[in-house]
Amino acid sequence: MAKPLDDRIAAALADNARAATVSDLISEIGERITATERERDRLTTISTALSTGEDAAEQAAADAAKLAARATRLAGKRSILEQRHAELLNSERRRRAAEFRAGTLAERDQLVSELRETWPQLVDQITGLLKRVVANDAAIERSNRDSAGEQLVSAEAVVRGCTPMFMHRGEHVPRLTRMQIPALDVTAQPIGRAHVWPPHHADGAVVALSTGFAELERAYAAR
C-alpha cells in the first residue's frame with residue numbers, strides 16, 4: 001500500500017531523496033490536479049444549470065469550491081517539488097562532473113607518468129634508427145656514385161613503397177629522416193631548439209650525411 005501523499009512529499013524533501021523519485025511524484029500530483037480540476041468543472045456546471053435544484057446547486061457549488069482549493073494546494077506542493085527536483089538535478093550534475101573530473105585527472109596523471117617514462121625510450125629508438133638510415137643513405141650515395149652497377153635505393157624508400165626520389169603517384173613523399181620530433185621537456189632545450197630531431201650542430205656528421213642523400217635525390221630526379 002502506497003504511503004500517504006504528504007508522507008512521500010516529506011521524503012522527497014529529505015536529504016537522501018533522488019531526482020527520479022521526485023520526478024515521479026511531480027507527475028502523480030499533476031495527474032491528481034488534472035482529475036481534481038475536471039471534477040471541479042463538472043460540479044460547477046451542475047451548480048449553474050437551470051435544471052439543478054437549489055439545494056443540489058448549493059452542494060455542487062460548495063464541493064466545487066473545495067476541489068478548487070484542493071487543486072490550488074496540490075499546485076503549491078508541485079511547485080515546491082519542482083524546485084526540489086531542480087536542486088537534486090543540479091546536485092547530481094555536480095557530483096557527476098566531480099567524478100568525471102577526478103577520473104580525467106587520474107588518467108592525465110597516468111599519462112604524465114607514462115610519457116615521462118616511455119617517450120624518451122621511444123625517441124631514443126626512433127632517432128637511433130633514423131641516424132642509421134641517414135648514414136646508410138650516405139653510403140648508398142657513395143656506392144651509386146662509384147659503381148657502374150644497379151643503383152641502390154634507400155631503405156626508407158623500399159619500406160615505404162615509393163620511388164628512389166620519394167615520389168608516389170606523382171606526389172612527393174615526406175622523408176622520415178627529415179621529420180621533426182619535439183623535445184619532451186622544452187625547458188631543457190637551448191633557446192630556439194624545441195626539437196631533438198633533426199640533429200643540430202652538436203651532431204654535424206649526421207647533418208652532413210643527410211645533406212649527402214639530398215644530393216642523391218636530386219640526382220635521381222635529374223635522370
# chains A, B, ... in the order shown; residues from 1 in each chain; ligands from 1

$ select_by_dssp --residues "range 121-219 of chain A" --states "alpha helix (DSSP H)" --output "ChimeraX atom specification"
/A:121-146,155-160,204-219

$ residues_around --residues "range 112-123 of chain A" --least-positions-apart "2" --cutoff "10 Å" --atoms "only C-alpha atoms" --output "MDAnalysis selection string"
chainID A and resid 106:110 125:129 181:185 196:197

$ write_last_selection --atoms "N, CA, C and O atoms" --output "mmCIF file, in the first residue's frame"
data_model
loop_
_atom_site.group_PDB
_atom_site.id
_atom_site.type_symbol
_atom_site.label_atom_id
_atom_site.label_comp_id
_atom_site.auth_asym_id
_atom_site.auth_seq_id
_atom_site.Cartn_x
_atom_site.Cartn_y
_atom_site.Cartn_z
ATOM 1 N N ALA A 106 42.943 11.654 -12.972
ATOM 2 C CA ALA A 106 43.704 10.427 -12.727
ATOM 3 C C ALA A 106 44.318 9.897 -14.028
ATOM 4 O O ALA A 106 45.489 9.482 -14.059
ATOM 5 N N GLU A 107 43.536 9.934 -15.115
ATOM 6 C CA GLU A 107 44.055 9.494 -16.412
ATOM 7 C C GLU A 107 45.165 10.432 -16.883
ATOM 8 O O GLU A 107 46.177 9.986 -17.444
ATOM 9 N N ARG A 108 44.982 11.751 -16.666
ATOM 10 C CA ARG A 108 46.012 12.707 -17.049
ATOM 11 C C ARG A 108 47.324 12.432 -16.319
ATOM 12 O O ARG A 108 48.403 12.404 -16.917
ATOM 13 N N ASP A 109 47.228 12.204 -15.012
ATOM 14 C CA ASP A 109 48.427 11.948 -14.220
ATOM 15 C C ASP A 109 49.097 10.644 -14.636
ATOM 16 O O ASP A 109 50.329 10.532 -14.635
ATOM 17 N N GLN A 110 48.274 9.639 -15.014
ATOM 18 C CA GLN A 110 48.841 8.383 -15.504
ATOM 19 C C GLN A 110 49.595 8.607 -16.806
ATOM 20 O O GLN A 110 50.685 8.069 -17.025
ATOM 21 N N GLN A 125 64.928 5.154 -29.553
ATOM 22 C CA GLN A 125 64.835 4.104 -30.566
ATOM 23 C C GLN A 125 64.648 4.696 -31.961
ATOM 24 O O GLN A 125 65.307 4.271 -32.921
ATOM 25 N N ILE A 126 63.749 5.661 -32.053
ATOM 26 C CA ILE A 126 63.451 6.245 -33.366
ATOM 27 C C ILE A 126 64.645 7.017 -33.901
ATOM 28 O O ILE A 126 65.045 6.834 -35.068
ATOM 29 N N THR A 127 65.216 7.905 -33.078
ATOM 30 C CA THR A 127 66.345 8.697 -33.568
ATOM 31 C C THR A 127 67.557 7.817 -33.857
ATOM 32 O O THR A 127 68.303 8.084 -34.807
ATOM 33 N N GLY A 128 67.741 6.759 -33.053
ATOM 34 C CA GLY A 128 68.841 5.836 -33.350
ATOM 35 C C GLY A 128 68.660 5.179 -34.697
ATOM 36 O O GLY A 128 69.617 5.041 -35.483
ATOM 37 N N LEU A 129 67.427 4.775 -35.007
ATOM 38 C CA LEU A 129 67.130 4.156 -36.298
ATOM 39 C C LEU A 129 67.283 5.158 -37.435
ATOM 40 O O LEU A 129 67.841 4.836 -38.504
ATOM 41 N N ILE A 181 60.922 15.858 -34.502
ATOM 42 C CA ILE A 181 60.487 15.193 -33.280
ATOM 43 C C ILE A 181 60.691 16.181 -32.143
ATOM 44 O O ILE A 181 61.824 16.552 -31.831
ATOM 45 N N PRO A 182 59.605 16.646 -31.529
ATOM 46 C CA PRO A 182 59.728 17.656 -30.475
ATOM 47 C C PRO A 182 60.360 17.083 -29.215
ATOM 48 O O PRO A 182 60.213 15.901 -28.909
ATOM 49 N N ALA A 183 61.066 17.947 -28.503
ATOM 50 C CA ALA A 183 61.629 17.550 -27.210
ATOM 51 C C ALA A 183 60.501 17.412 -26.200
ATOM 52 O O ALA A 183 59.533 18.173 -26.218
ATOM 53 N N LEU A 184 60.625 16.416 -25.333
ATOM 54 C CA LEU A 184 59.597 16.220 -24.317
ATOM 55 C C LEU A 184 59.618 17.364 -23.304
ATOM 56 O O LEU A 184 58.589 17.910 -22.937
ATOM 57 N N ASP A 185 60.797 17.736 -22.857
ATOM 58 C CA ASP A 185 60.947 18.830 -21.889
ATOM 59 C C ASP A 185 61.609 19.999 -22.601
ATOM 60 O O ASP A 185 62.832 20.052 -22.739
ATOM 61 N N VAL A 196 64.339 17.500 -30.892
ATOM 62 C CA VAL A 196 65.511 16.629 -30.718
ATOM 63 C C VAL A 196 65.900 15.979 -32.049
ATOM 64 O O VAL A 196 66.957 15.356 -32.155
ATOM 65 N N TRP A 197 65.058 16.107 -33.041
ATOM 66 C CA TRP A 197 65.361 15.631 -34.398
ATOM 67 C C TRP A 197 64.643 16.532 -35.373
ATOM 68 O O TRP A 197 63.498 16.882 -35.124
#

$ closest_residue --among "A:Ala155, A:Ala57, A:Ala75, A:Cys162" --to "Arg132 in chain A" --atoms "only C-alpha atoms"
A:Ala155

$ residues_around --residues "Ile29 in chain A" --least-positions-apart "3" --cutoff "7 Å" --atoms "only C-alpha atoms" --output "PyMOL selection string"
chain A and resi 25-26+32-33+74+78

$ residues_around --residues "Ala71 in chain A" --least-positions-apart "4" --cutoff "10 Å" --atoms "only C-alpha atoms" --output "VMD selection string"
chain A and resid 29 to 30 32 to 37 40 65 to 67 75 to 77

$ write_last_selection --atoms "N, CA and C atoms" --output "PDB file, in the first residue's frame"
ATOM      1  N   ILE A  29       1.254  14.073  -8.909  1.00  0.00           N
ATOM      2  CA  ILE A  29       0.492  15.232  -8.440  1.00  0.00           C
ATOM      3  C   ILE A  29      -0.157  15.950  -9.621  1.00  0.00           C
ATOM      4  N   GLY A  30       0.571  16.017 -10.740  1.00  0.00           N
ATOM      5  CA  GLY A  30      -0.004  16.641 -11.923  1.00  0.00           C
ATOM      6  C   GLY A  30      -1.255  15.919 -12.387  1.00  0.00           C
ATOM      7  N   ARG A  32      -3.215  14.185 -10.436  1.00  0.00           N
ATOM      8  CA  ARG A  32      -4.249  14.474  -9.430  1.00  0.00           C
ATOM      9  C   ARG A  32      -4.863  15.849  -9.663  1.00  0.00           C
ATOM     10  N   ILE A  33      -4.049  16.816 -10.005  1.00  0.00           N
ATOM     11  CA  ILE A  33      -4.558  18.171 -10.260  1.00  0.00           C
ATOM     12  C   ILE A  33      -5.518  18.148 -11.447  1.00  0.00           C
ATOM     13  N   THR A  34      -5.119  17.426 -12.500  1.00  0.00           N
ATOM     14  CA  THR A  34      -5.968  17.357 -13.691  1.00  0.00           C
ATOM     15  C   THR A  34      -7.318  16.728 -13.358  1.00  0.00           C
ATOM     16  N   ALA A  35      -7.281  15.622 -12.615  1.00  0.00           N
ATOM     17  CA  ALA A  35      -8.535  14.952 -12.247  1.00  0.00           C
ATOM     18  C   ALA A  35      -9.378  15.832 -11.341  1.00  0.00           C
ATOM     19  N   THR A  36      -8.746  16.517 -10.402  1.00  0.00           N
ATOM     20  CA  THR A  36      -9.473  17.399  -9.474  1.00  0.00           C
ATOM     21  C   THR A  36     -10.130  18.550 -10.226  1.00  0.00           C
ATOM     22  N   GLU A  37      -9.399  19.161 -11.152  1.00  0.00           N
ATOM     23  CA  GLU A  37      -9.956  20.287 -11.909  1.00  0.00           C
ATOM     24  C   GLU A  37     -11.082  19.826 -12.825  1.00  0.00           C
ATOM     25  N   ARG A  40     -14.013  19.449 -10.551  1.00  0.00           N
ATOM     26  CA  ARG A  40     -14.455  20.794 -10.167  1.00  0.00           C
ATOM     27  C   ARG A  40     -15.293  21.424 -11.261  1.00  0.00           C
ATOM     28  N   ALA A  65     -15.956  24.319  -4.887  1.00  0.00           N
ATOM     29  CA  ALA A  65     -15.031  25.231  -4.221  1.00  0.00           C
ATOM     30  C   ALA A  65     -13.967  24.453  -3.451  1.00  0.00           C
ATOM     31  N   LYS A  66     -14.381  23.362  -2.793  1.00  0.00           N
ATOM     32  CA  LYS A  66     -13.420  22.530  -2.076  1.00  0.00           C
ATOM     33  C   LYS A  66     -12.387  21.923  -3.039  1.00  0.00           C
ATOM     34  N   LEU A  67     -12.882  21.467  -4.185  1.00  0.00           N
ATOM     35  CA  LEU A  67     -11.972  20.882  -5.172  1.00  0.00           C
ATOM     36  C   LEU A  67     -11.021  21.934  -5.744  1.00  0.00           C
ATOM     37  N   ALA A  75      -1.163  22.246  -6.473  1.00  0.00           N
ATOM     38  CA  ALA A  75      -0.278  23.013  -7.361  1.00  0.00           C
ATOM     39  C   ALA A  75       0.873  23.623  -6.567  1.00  0.00           C
ATOM     40  N   GLY A  76       0.554  24.086  -5.336  1.00  0.00           N
ATOM     41  CA  GLY A  76       1.617  24.645  -4.495  1.00  0.00           C
ATOM     42  C   GLY A  76       2.642  23.580  -4.110  1.00  0.00           C
ATOM     43  N   LYS A  77       2.159  22.401  -3.766  1.00  0.00           N
ATOM     44  CA  LYS A  77       3.067  21.304  -3.420  1.00  0.00           C
ATOM     45  C   LYS A  77       3.906  20.891  -4.632  1.00  0.00           C
TER      46      LYS A  77
END

$ residues_around --residues "range 46-52 of chain A" --least-positions-apart "5" --cutoff "10 Å" --atoms "only C-alpha atoms" --output "PyMOL selection string"
chain A and resi 40-41+57-64

$ residues_around --residues "Leu88 in chain A" --least-positions-apart "3" --cutoff "6 Å" --atoms "only C-alpha atoms" --output "PDB file with N, CA, C and O atoms, in the first residue's frame"
ATOM      1  N   ALA A  19      16.386  12.369  -7.549  1.00  0.00           N
ATOM      2  CA  ALA A  19      15.685  13.203  -8.523  1.00  0.00           C
ATOM      3  C   ALA A  19      14.616  12.407  -9.256  1.00  0.00           C
ATOM      4  O   ALA A  19      13.523  12.927  -9.536  1.00  0.00           O
ATOM      5  N   HIS A  85      13.286  19.198  -7.235  1.00  0.00           N
ATOM      6  CA  HIS A  85      13.795  18.380  -8.346  1.00  0.00           C
ATOM      7  C   HIS A  85      14.948  19.083  -9.048  1.00  0.00           C
ATOM      8  O   HIS A  85      15.964  18.454  -9.388  1.00  0.00           O
ATOM      9  N   SER A  91      22.543  19.005  -8.110  1.00  0.00           N
ATOM     10  CA  SER A  91      23.452  18.291  -7.215  1.00  0.00           C
ATOM     11  C   SER A  91      24.033  17.060  -7.890  1.00  0.00           C
ATOM     12  O   SER A  91      25.230  16.782  -7.779  1.00  0.00           O
TER      13      SER A  91
END

$ select_by_dssp --residues "range 80-199 of chain A" --states "strand (DSSP E or B)" --output "ChimeraX atom specification"
/A:167-168,171-172,181-182,195-197

$ closest_residue --among "A:Gly170, A:Ala138, A:Arg42, A:Leu81" --to "Arg8 in chain A" --atoms "only C-alpha atoms"
A:Leu81
